[in-house]
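Structure file start38.json; described as JSON, C-alpha atoms.
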[["chain", "number", "residue", "atom", "x", "y", "z"],
["A", 1, "LYS", "CA", -27.73, 1.61, 5.81],
["A", 2, "LEU", "CA", -25.47, -0.25, 3.41],
["A", 3, "LYS", "CA", -23.06, 1.79, 1.31],
["A", 4, "PRO", "CA", -21.56, 0.65, -2.00],
["A", 5, "GLY", "CA", -17.95, -0.32, -1.84],
["A", 6, "CYS", "CA", -15.31, -2.73, -2.97],
["A", 7, "GLY", "CA", -16.75, -5.68, -1.06],
["A", 8, "GLY", "CA", -13.95, -5.51, 1.45],
["A", 9, "PHE", "CA", -11.16, -6.25, -1.02],
["A", 10, "GLY", "CA", -9.55, -2.85, -1.46],
["A", 11, "ILE", "CA", -6.17, -1.51, -2.46],
["A", 12, "ARG", "CA", -4.53, -2.80, 0.69],
["A", 13, "ASN", "CA", -5.47, -6.39, -0.03],
["A", 14, "PHE", "CA", -4.88, -6.06, -3.76],
["A", 15, "LEU", "CA", -1.35, -4.70, -3.35],
["A", 16, "THR", "CA", -0.54, -7.27, -0.66],
["A", 17, "LEU", "CA", -1.89, -10.07, -2.85],
["A", 18, "PHE", "CA", 0.03, -8.85, -5.89],
["A", 19, "LEU", "CA", 3.32, -8.57, -4.00],
["A", 20, "SER", "CA", 2.77, -11.95, -2.33],
["A", 21, "ILE", "CA", 2.24, -13.56, -5.72],
["A", 22, "GLU", "CA", 5.41, -11.91, -7.03],
["A", 23, "VAL", "CA", 7.38, -13.12, -3.98],
["A", 24, "THR", "CA", 6.09, -16.66, -4.52],
["A", 25, "LYS", "CA", 6.94, -16.60, -8.24],
["A", 26, "ALA", "CA", 10.45, -15.30, -7.51],
["A", 27, "MET", "CA", 10.93, -17.95, -4.80],
["A", 28, "LEU", "CA", 9.96, -20.65, -7.30],
["A", 29, "GLU", "CA", 12.33, -19.12, -9.83],
["A", 30, "ALA", "CA", 15.14, -19.16, -7.21],
["A", 31, "SER", "CA", 14.39, -22.76, -6.28],
["A", 32, "ASN", "CA", 14.42, -23.88, -9.92],
["A", 33, "ALA", "CA", 17.69, -22.04, -10.56],
["A", 34, "LYS", "CA", 19.25, -23.65, -7.50],
["A", 35, "ASP", "CA", 18.12, -27.10, -8.65],
["A", 36, "ARG", "CA", 19.74, -26.45, -12.05],
["A", 37, "GLY", "CA", 22.94, -25.27, -10.38],
["A", 38, "ASP", "CA", 22.47, -21.83, -11.93],
["A", 39, "ASP", "CA", 24.11, -19.59, -9.33],
["A", 40, "ALA", "CA", 23.58, -16.38, -11.32],
["A", 41, "GLY", "CA", 19.91, -17.22, -11.88],
["A", 42, "TYR", "CA", 19.50, -18.09, -8.22],
["A", 43, "ASN", "CA", 21.10, -14.81, -7.08],
["A", 44, "PHE", "CA", 18.94, -12.81, -9.49],
["A", 45, "ALA", "CA", 15.72, -14.51, -8.36],
["A", 46, "GLN", "CA", 16.68, -14.22, -4.70],
["A", 47, "ARG", "CA", 17.26, -10.48, -5.14],
["A", 48, "LYS", "CA", 13.75, -10.24, -6.61],
["A", 49, "VAL", "CA", 12.38, -12.08, -3.56],
["A", 50, "ASP", "CA", 14.22, -9.61, -1.33],
["A", 51, "LEU", "CA", 12.96, -6.54, -3.22],
["A", 52, "PHE", "CA", 9.33, -7.68, -3.29],
["A", 53, "THR", "CA", 9.49, -8.59, 0.41],
["A", 54, "GLU", "CA", 11.03, -5.23, 1.27],
["A", 55, "GLN", "CA", 8.31, -3.46, -0.71],
["A", 56, "LEU", "CA", 5.64, -5.47, 1.06],
["A", 57, "ASN", "CA", 7.11, -4.57, 4.45],
["A", 58, "GLU", "CA", 7.56, -0.90, 3.56],
["A", 59, "SER", "CA", 4.08, -0.59, 2.04],
["A", 60, "ASN", "CA", 2.20, -2.26, 4.88],
["A", 61, "PRO", "CA", 2.30, 0.62, 7.43],
["A", 62, "LEU", "CA", 1.40, 3.08, 4.67],
["A", 63, "LEU", "CA", -1.58, 0.97, 3.64],
["A", 64, "THR", "CA", -2.62, 0.76, 7.29],
["A", 65, "ALA", "CA", -2.42, 4.55, 7.61],
["A", 66, "ILE", "CA", -4.54, 5.00, 4.48],
["A", 67, "SER", "CA", -7.11, 2.49, 5.70],
["A", 68, "ASP", "CA", -7.26, 4.00, 9.20],
["A", 69, "ALA", "CA", -7.62, 7.54, 7.80],
["A", 70, "MET", "CA", -10.39, 6.43, 5.44],
["A", 71, "THR", "CA", -12.23, 4.79, 8.33],
["A", 72, "MET", "CA", -12.00, 7.89, 10.52],
["A", 73, "GLU", "CA", -12.94, 10.13, 7.60],
["A", 74, "GLY", "CA", -16.08, 8.03, 7.05],
["A", 75, "ILE", "CA", -16.96, 8.10, 10.75],
["A", 76, "ALA", "CA", -16.52, 11.88, 10.78],
["A", 77, "ARG", "CA", -18.71, 12.24, 7.68],
["A", 78, "ASP", "CA", -21.45, 10.19, 9.36],
["A", 79, "LYS", "CA", -21.15, 12.26, 12.56],
["A", 80, "ILE", "CA", -21.42, 15.48, 10.53],
["A", 81, "ALA", "CA", -24.59, 14.21, 8.90],
["A", 82, "ALA", "CA", -26.00, 13.25, 12.32],
["A", 83, "SER", "CA", -25.07, 16.61, 13.83],
["A", 84, "HIS", "CA", -26.88, 18.40, 10.99],
["A", 85, "GLU", "CA", -30.03, 16.40, 11.70],
["A", 86, "GLU", "CA", -29.76, 17.11, 15.43],
["A", 87, "GLU", "CA", -28.74, 20.75, 14.84],
["A", 88, "LYS", "CA", -25.56, 20.42, 16.92],
["A", 89, "LYS", "CA", -23.27, 22.99, 15.34],
["A", 90, "GLU", "CA", -20.42, 22.41, 17.83],
["A", 91, "ASP", "CA", -20.33, 18.72, 16.97],
["A", 92, "ASN", "CA", -20.52, 19.54, 13.29],
["A", 93, "GLU", "CA", -17.40, 21.74, 13.47],
["A", 94, "LYS", "CA", -15.51, 19.22, 15.60],
["A", 95, "TRP", "CA", -16.18, 16.39, 13.14],
["A", 96, "ARG", "CA", -15.49, 18.60, 10.13],
["A", 97, "LEU", "CA", -12.00, 19.23, 11.55],
["A", 98, "VAL", "CA", -11.52, 15.49, 12.13],
["A", 99, "MET", "CA", -12.59, 14.79, 8.56],
["A", 100, "GLU", "CA", -10.16, 17.39, 7.17],
["A", 101, "LYS", "CA", -7.30, 16.04, 9.33],
["A", 102, "GLU", "CA", -7.95, 12.45, 8.22],
["A", 103, "SER", "CA", -8.31, 13.46, 4.59],
["A", 104, "LEU", "CA", -4.91, 15.14, 4.79],
["A", 105, "ALA", "CA", -3.38, 12.10, 6.56],
["A", 106, "LYS", "CA", -4.79, 9.84, 3.82],
["A", 107, "ALA", "CA", -3.36, 12.09, 1.09],
["A", 108, "ARG", "CA", 0.07, 12.13, 2.75],
["A", 109, "ALA", "CA", 0.11, 8.35, 3.14],
["A", 110, "ASN", "CA", -0.96, 7.95, -0.50],
["A", 111, "GLU", "CA", 1.93, 10.19, -1.58],
["A", 112, "LYS", "CA", 4.36, 8.12, 0.48],
["A", 113, "LEU", "CA", 2.92, 4.92, -1.03],
["A", 114, "MET", "CA", 3.45, 6.30, -4.54],
["A", 115, "GLU", "CA", 7.04, 7.19, -3.61],
["A", 116, "CYS", "CA", 7.55, 3.69, -2.23],
["A", 117, "ASN", "CA", 6.16, 2.13, -5.41],
["A", 118, "ALA", "CA", 8.36, 4.34, -7.60],
["A", 119, "LYS", "CA", 11.41, 3.39, -5.52],
["A", 120, "TYR", "CA", 10.80, -0.34, -5.99],
["A", 121, "GLN", "CA", 9.96, 0.05, -9.69],
["A", 122, "ARG", "CA", 13.34, 1.76, -10.10],
["A", 123, "LEU", "CA", 15.16, -0.90, -8.07],
["A", 124, "MET", "CA", 13.52, -3.71, -10.01],
["A", 125, "LYS", "CA", 14.35, -2.01, -13.32],
["A", 126, "GLU", "CA", 17.97, -1.64, -12.21],
["A", 127, "LEU", "CA", 18.04, -5.31, -11.24],
["A", 128, "ARG", "CA", 16.66, -6.43, -14.62],
["A", 129, "GLU", "CA", 19.09, -4.15, -16.46],
["A", 130, "SER", "CA", 22.04, -5.49, -14.47],
["A", 131, "GLN", "CA", 20.99, -9.03, -15.36],
["A", 132, "SER", "CA", 20.68, -8.24, -19.07],
["A", 133, "GLN", "CA", 24.20, -6.77, -19.11],
["A", 134, "LYS", "CA", 25.72, -10.08, -18.01]]
Translate the structure of the given file into structure tokens.
Amino acid sequence: KLKPGCGGFGIRNFLTLFLSIEVTKAMLEASNAKDRGDDAGYNFAQRKVDLFTEQLNESNPLLTAISDAMTMEGIARDKIAASHEEEKKEDNEKWRLVMEKESLAKARANEKLMECNAKYQRLMKELRESQSQK
């Protein structure tokens, strides 16, 4: 049976796409600054490239953990439903524990992702503020 969803383009892809676009824009900004001979502009844009790339690299394993946990949670939910139909209480308990474990793993990874995002928002704000003080 087909379940409603995001069509396969979830948070993982959205965040990766967003950060990739930001990296590309900052790279273009750095290139243009270099062509103009604007060393300060180049250094600023290059630091943005570095920060967005770092965020992309730091976020990726967290997004993988969230995705993997969601997959296992869904499998466990399906197994629980099947064990109810087949009246297999042992299986039901086993899969309920798996579902709880994966739900907790997903929540932890989401917390870490939010911390990661907050860290890079702060770093980007500090970068912009340092540029405006020059």
Would you work out the distance separating atom CA of A:Leu62 from atom CA of A:Lys112, expressed in Å to one decimal?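 Value for the atom CA of A:Leu62-atom CA of A:Lys112 distance: 7.2 Å.
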Take every atom of stretch 107-118 of chain A listed in the file, pad by 3 Å on each side, and give me the axis-aligned box centre and edge lengths in Å, one decimal, as lines of an AutoDock Vina configuration file.
center_x = 2.5
center_y = 7.1
center_z = -2.2
size_x = 17.7
size_y = 16.0
size_z = 16.7
Per residue of stretch 61-87 of chain A within 10 Å of stretch 105-108 of chain A, record the nearest atom pair and its distance in Å to one decimal, counting all atoms listed in the file, with rows in chain order and ascending residue number, as a tab-separated table.
residue	atom	partner	partner_atom	distance
A:Leu62	CA	A:Lys106	CA	9.2
A:Leu63	CA	A:Lys106	CA	9.4
A:Thr64	CA	A:Lys106	CA	10.0
A:Ala65	CA	A:Lys106	CA	6.9
A:Ile66	CA	A:Lys106	CA	4.9
A:Ser67	CA	A:Lys106	CA	7.9
A:Asp68	CA	A:Lys106	CA	8.3
A:Ala69	CA	A:Lys106	CA	5.4
A:Met70	CA	A:Lys106	CA	6.8
A:Glu73	CA	A:Lys106	CA	9.0
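Note that the spacing between atom CA of A:Asp50 and atom CA of A:Asn13 amounts to 20.0 Å.
Using all atoms listed in the file, the shortest contact distance between A:Lys48 and any of A:Ser20, A:Pro61, A:Ile75, A:Ser103 is found at A:Ser20.
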Please provide the set of residues having any atom within 12 Å of A:Gln55, restricted to all atoms listed in the file, with same-chain residues fewer than 4 positions apart removed, written as an MDAnalysis selection string. chainID A and resid 15:16 18:20 22:23 48:51 59:63 113:124
Would you list the residues near (22.0, -9.5, -13.1) (no more than 6 Å away, in the coordinates of the file, using all atoms listed in the file) as a PyMOL selection string? chain A and resi 44+130-131
Which value, in Å to one decimal, gives the distance between atom CA of A:Thr53 and atom CA of A:Glu29?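 Taking atom CA of A:Thr53 and atom CA of A:Glu29, their separation equals 15.0 Å.
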Choose the residue, out of A:Asn57, A:Asn92, A:Ser83, A:Thr24, that has the smallest atom-to-atom separation from A:Ala45; count all atoms listed in the file.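 Smallest distance to A:Ala45 is found for A:Thr24.
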Contacts of A:Lys34 within 10 Å, all atoms listed in the file, excl. fewer than 6 positions in-chain, as an NGL selection string: :A and (28 or 40-43 or 45)
